[in-house]
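Okay, target25.txt is below, compact mmCIF, C-alpha atoms and all ligand atoms:
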# COMPACT_ATOMS: atom_id res chain seq x y z
CA MET A 1 60.92 139.46 -96.81
CA ASP A 2 58.36 138.52 -99.43
CA PRO A 3 55.69 141.25 -99.11
CA VAL A 4 52.83 138.82 -99.68
CA ARG A 5 53.87 135.52 -98.08
CA SER A 6 55.60 134.68 -94.86
CA ASN A 7 56.29 131.47 -93.00
CA ASN A 8 54.29 132.57 -89.98
CA GLY A 9 50.83 131.64 -91.21
CA PRO A 10 48.22 134.09 -92.48
CA ARG A 11 48.64 137.81 -92.00
CA TYR A 12 45.50 137.85 -89.88
CA LYS A 13 44.59 134.90 -87.68
CA HIS A 14 40.89 135.19 -87.13
CA LEU A 15 39.39 133.36 -84.18
CA ALA A 16 35.64 133.34 -84.51
CA ASP A 17 33.73 133.63 -81.24
CA GLU A 18 32.07 130.39 -80.28
CA SER A 19 28.68 131.04 -81.80
CA ALA A 20 25.49 129.92 -80.03
CA PRO A 21 22.84 128.57 -82.40
CA TYR A 22 20.08 130.85 -83.65
CA ASP A 23 16.45 129.96 -82.88
CA THR A 24 14.42 132.01 -85.34
CA ILE A 25 16.71 132.58 -88.35
CA THR A 26 19.43 130.74 -90.24
CA VAL A 27 22.86 132.37 -90.58
CA ASP A 28 25.30 131.13 -93.24
CA LYS A 29 28.67 132.79 -93.19
CA LEU A 30 30.25 133.90 -96.49
CA THR A 31 33.69 133.90 -94.89
CA PRO A 32 34.85 133.35 -91.30
CA ILE A 33 35.71 137.06 -91.11
CA VAL A 34 32.89 139.05 -92.67
CA GLY A 35 29.42 138.61 -94.16
CA ALA A 36 26.58 136.14 -93.65
CA GLU A 37 23.37 135.31 -95.45
CA VAL A 38 20.33 135.28 -93.18
CA GLY A 39 17.45 132.96 -94.06
CA GLY A 40 14.09 131.91 -92.68
CA ILE A 41 12.81 135.47 -92.47
CA ASP A 42 10.31 137.61 -94.36
CA LEU A 43 11.14 141.25 -93.76
CA SER A 44 7.75 142.41 -95.03
CA ARG A 45 6.12 140.87 -91.95
CA PRO A 46 6.33 142.16 -88.37
CA LEU A 47 9.42 140.83 -86.58
CA GLY A 48 9.07 139.29 -83.14
CA ASN A 49 11.39 140.49 -80.36
CA ARG A 50 13.44 137.31 -80.48
CA THR A 51 13.98 137.60 -84.25
CA PHE A 52 14.89 141.27 -83.90
CA ASP A 53 17.49 140.43 -81.22
CA GLU A 54 18.89 137.66 -83.41
CA LEU A 55 19.21 140.04 -86.38
CA HIS A 56 21.16 142.43 -84.16
CA ARG A 57 23.37 139.59 -83.07
CA ALA A 58 23.90 138.30 -86.62
CA ARG A 59 24.97 141.77 -87.75
CA ALA A 60 27.27 142.26 -84.76
CA GLU A 61 28.93 138.87 -85.41
CA ASN A 62 29.18 139.20 -89.20
CA LEU A 63 29.32 143.00 -89.77
CA VAL A 64 27.16 142.74 -92.88
CA ILE A 65 24.13 140.50 -93.35
CA PHE A 66 22.33 139.61 -96.56
CA PHE A 67 18.75 138.58 -97.30
CA ARG A 68 17.39 136.97 -100.48
CA ASP A 69 13.97 137.04 -102.14
CA GLN A 70 12.51 139.87 -100.10
CA HIS A 71 9.47 141.75 -101.40
CA LEU A 72 9.14 145.07 -99.63
CA THR A 73 7.29 148.21 -100.60
CA GLU A 74 9.21 151.47 -100.24
CA ASP A 75 7.37 152.13 -96.98
CA GLN A 76 8.20 148.66 -95.63
CA HIS A 77 11.85 149.25 -96.46
CA LEU A 78 11.73 152.55 -94.53
CA ALA A 79 9.87 150.89 -91.64
CA PHE A 80 12.49 148.13 -91.43
CA GLY A 81 15.23 150.77 -91.19
CA ARG A 82 13.35 152.67 -88.45
CA LEU A 83 13.42 149.55 -86.26
CA PHE A 84 17.16 150.21 -85.89
CA GLY A 85 17.05 153.95 -85.27
CA GLU A 86 16.24 157.32 -86.77
CA LEU A 87 16.83 157.55 -90.50
CA HIS A 88 19.59 159.59 -92.10
CA ILE A 89 19.11 161.90 -95.07
CA HIS A 90 21.99 161.93 -97.54
CA PRO A 91 23.56 165.38 -97.93
CA ALA A 92 23.71 165.15 -101.73
CA ALA A 93 22.22 162.06 -103.36
CA PRO A 94 18.78 161.85 -105.04
CA HIS A 95 15.87 160.20 -103.27
CA ALA A 96 12.50 158.70 -104.14
CA PRO A 97 9.80 161.35 -104.70
CA GLY A 98 8.52 162.63 -101.35
CA LYS A 99 10.75 160.20 -99.40
CA PRO A 100 14.03 161.96 -98.52
CA GLU A 101 15.25 158.97 -96.47
CA LEU A 102 14.97 156.62 -99.46
CA MET A 103 18.17 157.19 -101.42
CA ILE A 104 18.22 156.13 -105.07
CA ILE A 105 20.94 153.68 -106.08
CA HIS A 106 20.82 153.33 -109.84
CA ALA A 107 23.13 152.90 -112.81
CA ASP A 108 22.27 152.12 -116.42
CA LYS A 109 23.85 152.50 -119.84
CA ASP A 110 23.46 156.30 -119.78
CA SER A 111 24.70 156.90 -116.24
CA PRO A 112 27.77 159.10 -115.90
CA ARG A 113 28.73 157.26 -112.69
CA ALA A 114 27.54 154.60 -110.26
CA ASN A 115 27.28 154.87 -106.48
CA GLY A 116 29.93 153.51 -104.22
CA GLU A 117 32.73 152.74 -106.67
CA GLY A 118 35.85 152.71 -104.53
CA TRP A 119 36.32 151.76 -100.89
CA HIS A 120 34.39 153.85 -98.41
CA THR A 121 32.15 153.89 -95.40
CA ASP A 122 28.94 155.84 -95.89
CA VAL A 123 28.98 159.60 -95.34
CA SER A 124 31.90 159.53 -92.91
CA CYS A 125 32.14 163.30 -93.53
CA ASP A 126 29.17 163.75 -91.15
CA GLN A 127 29.88 164.65 -87.52
CA GLU A 128 27.73 161.65 -86.63
CA PRO A 129 28.17 159.27 -89.57
CA PRO A 130 25.48 156.66 -90.29
CA MET A 131 25.46 153.56 -88.14
CA GLY A 132 24.15 151.23 -90.81
CA SER A 133 22.92 151.09 -94.38
CA ILE A 134 20.20 148.85 -95.79
CA LEU A 135 20.49 148.48 -99.54
CA TYR A 136 17.62 146.82 -101.39
CA ILE A 137 18.42 145.95 -105.01
CA ARG A 138 15.21 145.36 -106.97
CA GLN A 139 16.76 145.06 -110.41
CA SER A 140 20.13 143.40 -110.83
CA PRO A 141 22.18 142.93 -113.98
CA PRO A 142 22.44 139.40 -115.45
CA MET A 143 25.95 139.24 -114.01
CA GLY A 144 28.30 141.58 -112.18
CA GLY A 145 27.38 144.50 -109.94
CA ASP A 146 28.72 142.70 -106.85
CA THR A 147 29.50 144.63 -103.69
CA LEU A 148 32.68 143.92 -101.73
CA PHE A 149 32.77 144.37 -97.97
CA ALA A 150 35.87 144.54 -95.79
CA SER A 151 36.15 144.11 -92.03
CA MET A 152 37.86 147.08 -90.42
CA TYR A 153 38.25 145.05 -87.21
CA ALA A 154 40.39 142.59 -89.16
CA ALA A 155 42.29 145.40 -90.91
CA TYR A 156 43.08 146.95 -87.51
CA GLU A 157 43.99 143.64 -85.87
CA ALA A 158 46.38 142.74 -88.71
CA LEU A 159 48.48 145.87 -88.12
CA SER A 160 51.69 145.48 -86.16
CA ASP A 161 51.66 146.51 -82.50
CA ARG A 162 54.04 149.33 -83.44
CA MET A 163 51.61 150.66 -86.03
CA LYS A 164 48.68 150.35 -83.61
CA THR A 165 50.61 152.40 -81.07
CA TYR A 166 51.47 155.00 -83.71
CA LEU A 167 47.83 155.39 -84.78
CA GLU A 168 46.44 155.58 -81.24
CA GLY A 169 45.01 159.04 -80.55
CA LEU A 170 45.43 160.31 -84.13
CA THR A 171 42.48 161.98 -85.83
CA ALA A 172 41.77 162.65 -89.49
CA ILE A 173 39.63 164.95 -91.60
CA HIS A 174 36.78 163.39 -93.60
CA ASP A 175 35.48 165.68 -96.32
CA GLY A 176 32.27 165.51 -98.39
CA GLU A 177 33.33 168.11 -100.99
CA HIS A 178 33.67 165.38 -103.60
CA TYR A 179 29.86 165.27 -103.73
CA ARG A 180 30.03 168.57 -105.65
CA GLY A 181 28.61 168.03 -109.14
CA GLN A 182 28.18 164.29 -108.64
CA TYR A 183 24.42 164.25 -109.00
CA ALA A 184 24.04 166.93 -111.68
CA ASN A 185 22.56 164.30 -114.03
CA TYR A 186 19.58 164.11 -111.63
CA GLY A 187 19.19 167.90 -111.85
CA ILE A 188 20.47 168.30 -108.26
CA ALA A 189 22.04 171.70 -107.61
CA ASP A 190 25.13 171.79 -105.43
CA LYS A 191 24.96 173.06 -101.87
CA PRO A 192 27.23 175.95 -100.85
CA SER A 193 29.22 173.46 -98.75
CA TYR A 194 29.25 169.78 -97.82
CA PRO A 195 29.89 168.19 -94.41
CA ARG A 196 33.40 167.86 -93.05
CA ALA A 197 34.38 166.21 -89.77
CA GLU A 198 37.35 165.15 -87.66
CA HIS A 199 37.25 161.52 -86.52
CA PRO A 200 39.66 159.15 -84.73
CA VAL A 201 41.78 157.07 -87.10
CA VAL A 202 40.89 154.04 -84.99
CA ARG A 203 37.42 153.94 -83.50
CA THR A 204 35.94 151.81 -80.75
CA HIS A 205 32.69 150.15 -81.73
CA PRO A 206 30.05 151.37 -79.25
CA VAL A 207 28.32 147.97 -79.06
CA THR A 208 31.08 145.37 -79.38
CA GLY A 209 33.86 147.45 -77.79
CA LYS A 210 36.23 146.24 -80.55
CA LYS A 211 38.63 148.58 -82.34
CA ALA A 212 38.25 149.26 -86.06
CA LEU A 213 40.33 151.18 -88.56
CA TYR A 214 38.30 154.26 -89.48
CA VAL A 215 39.91 155.95 -92.48
CA ASN A 216 38.62 155.44 -96.01
CA LYS A 217 39.70 156.46 -99.46
CA GLY A 218 36.33 158.01 -100.30
CA PHE A 219 36.36 160.66 -97.57
CA THR A 220 39.55 160.76 -95.49
CA ARG A 221 41.86 163.52 -96.69
CA ARG A 222 44.34 164.29 -93.97
CA VAL A 223 45.67 162.91 -90.70
CA LEU A 224 46.06 165.81 -88.26
CA GLY A 225 49.09 166.62 -86.12
CA ILE A 226 51.67 165.24 -88.56
CA SER A 227 53.17 166.74 -91.72
CA ARG A 228 51.27 166.62 -95.00
CA ASP A 229 53.74 164.19 -96.61
CA GLU A 230 53.63 161.87 -93.58
CA SER A 231 49.82 161.98 -93.61
CA ASP A 232 49.77 161.17 -97.34
CA GLY A 233 52.16 158.24 -96.78
CA ILE A 234 50.25 156.85 -93.80
CA LEU A 235 46.89 157.11 -95.56
CA ARG A 236 48.29 155.53 -98.71
CA TYR A 237 49.58 152.63 -96.63
CA LEU A 238 46.35 152.21 -94.67
CA PHE A 239 44.17 152.33 -97.81
CA GLU A 240 46.36 149.66 -99.42
CA HIS A 241 46.40 147.58 -96.25
CA MET A 242 42.63 147.62 -95.72
CA ALA A 243 42.05 146.50 -99.31
CA ASN A 244 43.76 143.13 -98.66
CA PRO A 245 41.28 140.45 -99.89
CA LEU A 246 41.89 138.57 -96.64
CA PHE A 247 39.55 141.00 -94.88
CA GLN A 248 36.81 140.83 -97.50
CA CYS A 249 33.72 139.09 -98.75
CA ARG A 250 32.01 139.67 -102.07
CA PHE A 251 28.23 139.62 -102.38
CA ARG A 252 26.60 138.52 -105.61
CA TRP A 253 23.29 140.31 -105.92
CA ARG A 254 20.09 138.88 -107.34
CA ALA A 255 16.90 140.88 -107.79
CA ASN A 256 15.16 141.47 -104.43
CA SER A 257 18.24 140.97 -102.27
CA ILE A 258 19.08 143.18 -99.30
CA ALA A 259 22.41 143.96 -97.65
CA PHE A 260 22.52 145.51 -94.18
CA TRP A 261 26.01 146.65 -93.17
CA ASP A 262 27.49 148.29 -90.10
CA ASN A 263 29.38 151.39 -91.24
CA ARG A 264 31.26 151.52 -87.94
CA CYS A 265 33.31 148.44 -88.75
CA VAL A 266 33.06 147.69 -92.50
CA GLN A 267 33.94 149.45 -95.71
CA HIS A 268 32.35 148.57 -99.02
CA HIS A 269 33.08 148.93 -102.70
CA ALA A 270 30.46 148.55 -105.44
CA MET A 271 31.56 147.16 -108.82
CA TRP A 272 30.34 148.86 -112.00
CA ASP A 273 31.29 146.05 -114.35
CA TYR A 274 27.79 145.43 -115.75
CA TRP A 275 27.47 148.31 -118.24
CA PRO A 276 25.30 148.56 -120.37
CA HIS A 277 22.92 146.73 -118.02
CA THR A 278 20.86 148.29 -115.26
CA ARG A 279 21.24 147.85 -111.52
CA SER A 280 18.66 149.65 -109.43
CA GLY A 281 17.31 149.93 -105.90
CA HIS A 282 17.14 152.09 -102.80
CA ARG A 283 19.20 152.56 -99.70
CA VAL A 284 17.80 153.35 -96.27
CA THR A 285 20.48 154.63 -93.91
CA VAL A 286 20.26 154.62 -90.12
CA LYS A 287 21.77 157.48 -88.14
CA GLY A 288 24.82 156.84 -85.98
CA GLU A 289 26.79 158.40 -83.16
CA ARG A 290 29.96 160.47 -83.07
CA PRO A 291 32.94 158.07 -83.45
CA PHE A 292 35.17 157.77 -80.39
CA TYR A 293 38.29 155.92 -79.35
CA ARG A 294 38.54 154.19 -76.00
CA VAL A 295 41.69 152.33 -74.93
C1 LIG A 301 26.65 152.47 -101.63
O1 LIG A 301 27.76 152.93 -101.46
O2 LIG A 301 25.76 152.57 -100.78
C2 LIG A 301 26.32 151.70 -102.89
C3 LIG A 301 26.66 150.26 -102.69
C4 LIG A 301 26.20 149.42 -103.83
O3 LIG A 301 25.55 149.93 -104.76
O4 LIG A 301 26.46 148.21 -103.80
Transcribe the structure of this file into structure tokens.
Ligand code: SIN
Amino acid sequence: MDPVRSNNGPRYKHLADESAPYDTITVDKLTPIVGAEVGGIDLSRPLGNRTFDELHRARAENLVIFFRDQHLTEDQHLAFGRLFGELHIHPAAPHAPGKPELMIIHADKDSPRANGEGWHTDVSCDQEPPMGSILYIRQSPPMGGDTLFASMYAAYEALSDRMKTYLEGLTAIHDGEHYRGQYANYGIADKPSYPRAEHPVVRTHPVTGKKALYVNKGFTRRVLGISRDESDGILRYLFEHMANPLFQCRFRWRANSIAFWDNRCVQHHAMWDYWPHTRSGHRVTVKGERPFYRV
């Protein structure tokens, strides 16, 4: 069989839920599967209850939502994040002076590396990995620096029933040791150890009840309860599978754009194709719960 095409239609047949209209915001989908731009909202102003509920809904339906032309101070960015829960402090990355919850996202011509290159979900090495991340890019390069997002609901749904059965109940180790030395250019000394956690390979989203693939190339090192070579083979397959463009959208940043993604059901990958230009902003990350699997 041709590995890419078949005569049975697309690999993943997405049926969007019948969506009720929104009253207080506009929601324009980037693809039927993942990502939507939200308009008609100024995040620097207090949000009414109805708008807040609609933002929740837009994120649940689209997994990642984007905002354009927002002008927030650092404190307003933090306050927006706190509307969705307690804020997470990154175990390794640099932060704005005196604001540990405001992670610096920055790359320029002298940077040894850029954040988020490669598919991952944020800090999945934590016992309770972040629920969501709110990235505010203040300075964007003239072109490039896009972020790709992939639906892990779609990646899970597109697996065969046999593979779904195989993965059910498996857990995997997510390890943060790769943070070691990564922020030395900011003068950050390494910690004696970084977080490490065991999570289900498939997790149930606590709000939507949907199942999502929950292994990622950035952090997942080993599936437990099977041999090392089988774990390597399974992870290699799942990492390749989840990177199918069918499950993705690609967001083109402009200065003062914001992306708010749900780490429980999307992975993302930041492109560093804009060297020697500068891309700069902050990320506020909202704490999450321990991942679980429910049949
Ligand atoms: C990250 O992984 O949070 C960085 C994403 C980006 O810079 O687009």
Would you list the residues that come within 9 Å of ligand LIG 301 (chain A)? Count all atoms listed in the file and give the answer as a PDB file with C-alpha atoms, keeping the file's coordinate frame.
ATOM      1  CA  MET A 103      18.170 157.190-101.420  1.00  0.00           C
ATOM      2  CA  ILE A 105      20.940 153.680-106.080  1.00  0.00           C
ATOM      3  CA  HIS A 106      20.820 153.330-109.840  1.00  0.00           C
ATOM      4  CA  ALA A 107      23.130 152.900-112.810  1.00  0.00           C
ATOM      5  CA  ALA A 114      27.540 154.600-110.260  1.00  0.00           C
ATOM      6  CA  ASN A 115      27.280 154.870-106.480  1.00  0.00           C
ATOM      7  CA  GLY A 116      29.930 153.510-104.220  1.00  0.00           C
ATOM      8  CA  GLU A 117      32.730 152.740-106.670  1.00  0.00           C
ATOM      9  CA  GLY A 118      35.850 152.710-104.530  1.00  0.00           C
ATOM     10  CA  TRP A 119      36.320 151.760-100.890  1.00  0.00           C
ATOM     11  CA  HIS A 120      34.390 153.850 -98.410  1.00  0.00           C
ATOM     12  CA  THR A 121      32.150 153.890 -95.400  1.00  0.00           C
ATOM     13  CA  ASP A 122      28.940 155.840 -95.890  1.00  0.00           C
ATOM     14  CA  SER A 133      22.920 151.090 -94.380  1.00  0.00           C
ATOM     15  CA  ILE A 134      20.200 148.850 -95.790  1.00  0.00           C
ATOM     16  CA  LEU A 135      20.490 148.480 -99.540  1.00  0.00           C
ATOM     17  CA  ILE A 137      18.420 145.950-105.010  1.00  0.00           C
ATOM     18  CA  GLY A 145      27.380 144.500-109.940  1.00  0.00           C
ATOM     19  CA  ASP A 146      28.720 142.700-106.850  1.00  0.00           C
ATOM     20  CA  THR A 147      29.500 144.630-103.690  1.00  0.00           C
ATOM     21  CA  LEU A 148      32.680 143.920-101.730  1.00  0.00           C
ATOM     22  CA  PHE A 251      28.230 139.620-102.380  1.00  0.00           C
ATOM     23  CA  TRP A 253      23.290 140.310-105.920  1.00  0.00           C
ATOM     24  CA  ALA A 259      22.410 143.960 -97.650  1.00  0.00           C
ATOM     25  CA  HIS A 268      32.350 148.570 -99.020  1.00  0.00           C
ATOM     26  CA  HIS A 269      33.080 148.930-102.700  1.00  0.00           C
ATOM     27  CA  ALA A 270      30.460 148.550-105.440  1.00  0.00           C
ATOM     28  CA  MET A 271      31.560 147.160-108.820  1.00  0.00           C
ATOM     29  CA  TRP A 272      30.340 148.860-112.000  1.00  0.00           C
ATOM     30  CA  ARG A 279      21.240 147.850-111.520  1.00  0.00           C
ATOM     31  CA  SER A 280      18.660 149.650-109.430  1.00  0.00           C
ATOM     32  CA  GLY A 281      17.310 149.930-105.900  1.00  0.00           C
ATOM     33  CA  HIS A 282      17.140 152.090-102.800  1.00  0.00           C
ATOM     34  CA  ARG A 283      19.200 152.560 -99.700  1.00  0.00           C
ATOM     35  CA  THR A 285      20.480 154.630 -93.910  1.00  0.00           C
TER      36      THR A 285
END
Within 9 Å of (45.6, 146.0, -92.5) (coordinates as in the file), grab all the protein and nucleic acid residues, counting all atoms listed in the file, and write them out as an MDAnalysis selection string.
chainID A and resid 11:12 152 154:160 213 237:244 247
Neighbouring residues of Pro130 in chain A were defined as those with any atom within 10 Å, considering all atoms listed in the file; residues of the same chain fewer than 4 positions away were excluded. Please report them as a PyMOL selection string.
chain A and resi 86-90+121-126+262-264+285-290
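With only C-alpha atoms taken into account, the protein and nucleic acid residues at most 12 Å from range 230-232 of chain A (excluding it and anything under 2 positions from it in its own chain) are Leu167, Leu170, Thr171, Ala172, Ile173, Val201, Val215, Lys217, Thr220, Arg221, Arg222, Val223, Leu224, Gly225, Ile226, Ser227, Arg228, Ile234, Leu235, Arg236, Tyr237, Leu238 and Phe239 of chain A.
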Could you give me, as a Markdown table, every range 47-136 of chain A residue with an atom at most 12 Å from range 18-22 of chain A, plus its closest atom pair and distance in Å to one decimal, counting all atoms listed in the file, rows ordered by chain then number?
| residue | atom | partner | partner_atom | distance |
| --- | --- | --- | --- | --- |
| A:Arg50 | CA | A:Tyr22 | CA | 9.8 |
| A:Thr51 | CA | A:Tyr22 | CA | 9.1 |
| A:Phe52 | CA | A:Tyr22 | CA | 11.6 |
| A:Asp53 | CA | A:Tyr22 | CA | 10.2 |
| A:Glu54 | CA | A:Tyr22 | CA | 6.9 |
| A:Leu55 | CA | A:Tyr22 | CA | 9.6 |
| A:His56 | CA | A:Tyr22 | CA | 11.6 |
| A:Arg57 | CA | A:Tyr22 | CA | 9.4 |
| A:Ala58 | CA | A:Tyr22 | CA | 8.9 |
| A:Ala60 | CA | A:Ser19 | CA | 11.7 |
| A:Glu61 | CA | A:Ser19 | CA | 8.6 |
| A:Asn62 | CA | A:Ser19 | CA | 11.0 |
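Minimum distance to Asp42 in chain A across A:Leu72, A:Leu246, A:Met143, A:Ile104 (counting only C-alpha atoms) occurs at A:Leu72.
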Identify which of the residues A:Arg203, A:Lys191, A:Arg294, A:Arg254 lies closest to Gln70 in chain A, counting only C-alpha atoms when measuring atom-to-atom distances.
A:Arg254
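Pairwise distance (CA of Ala255 in chain A, CA of Asp108 in chain A) equals 15.2 Å.
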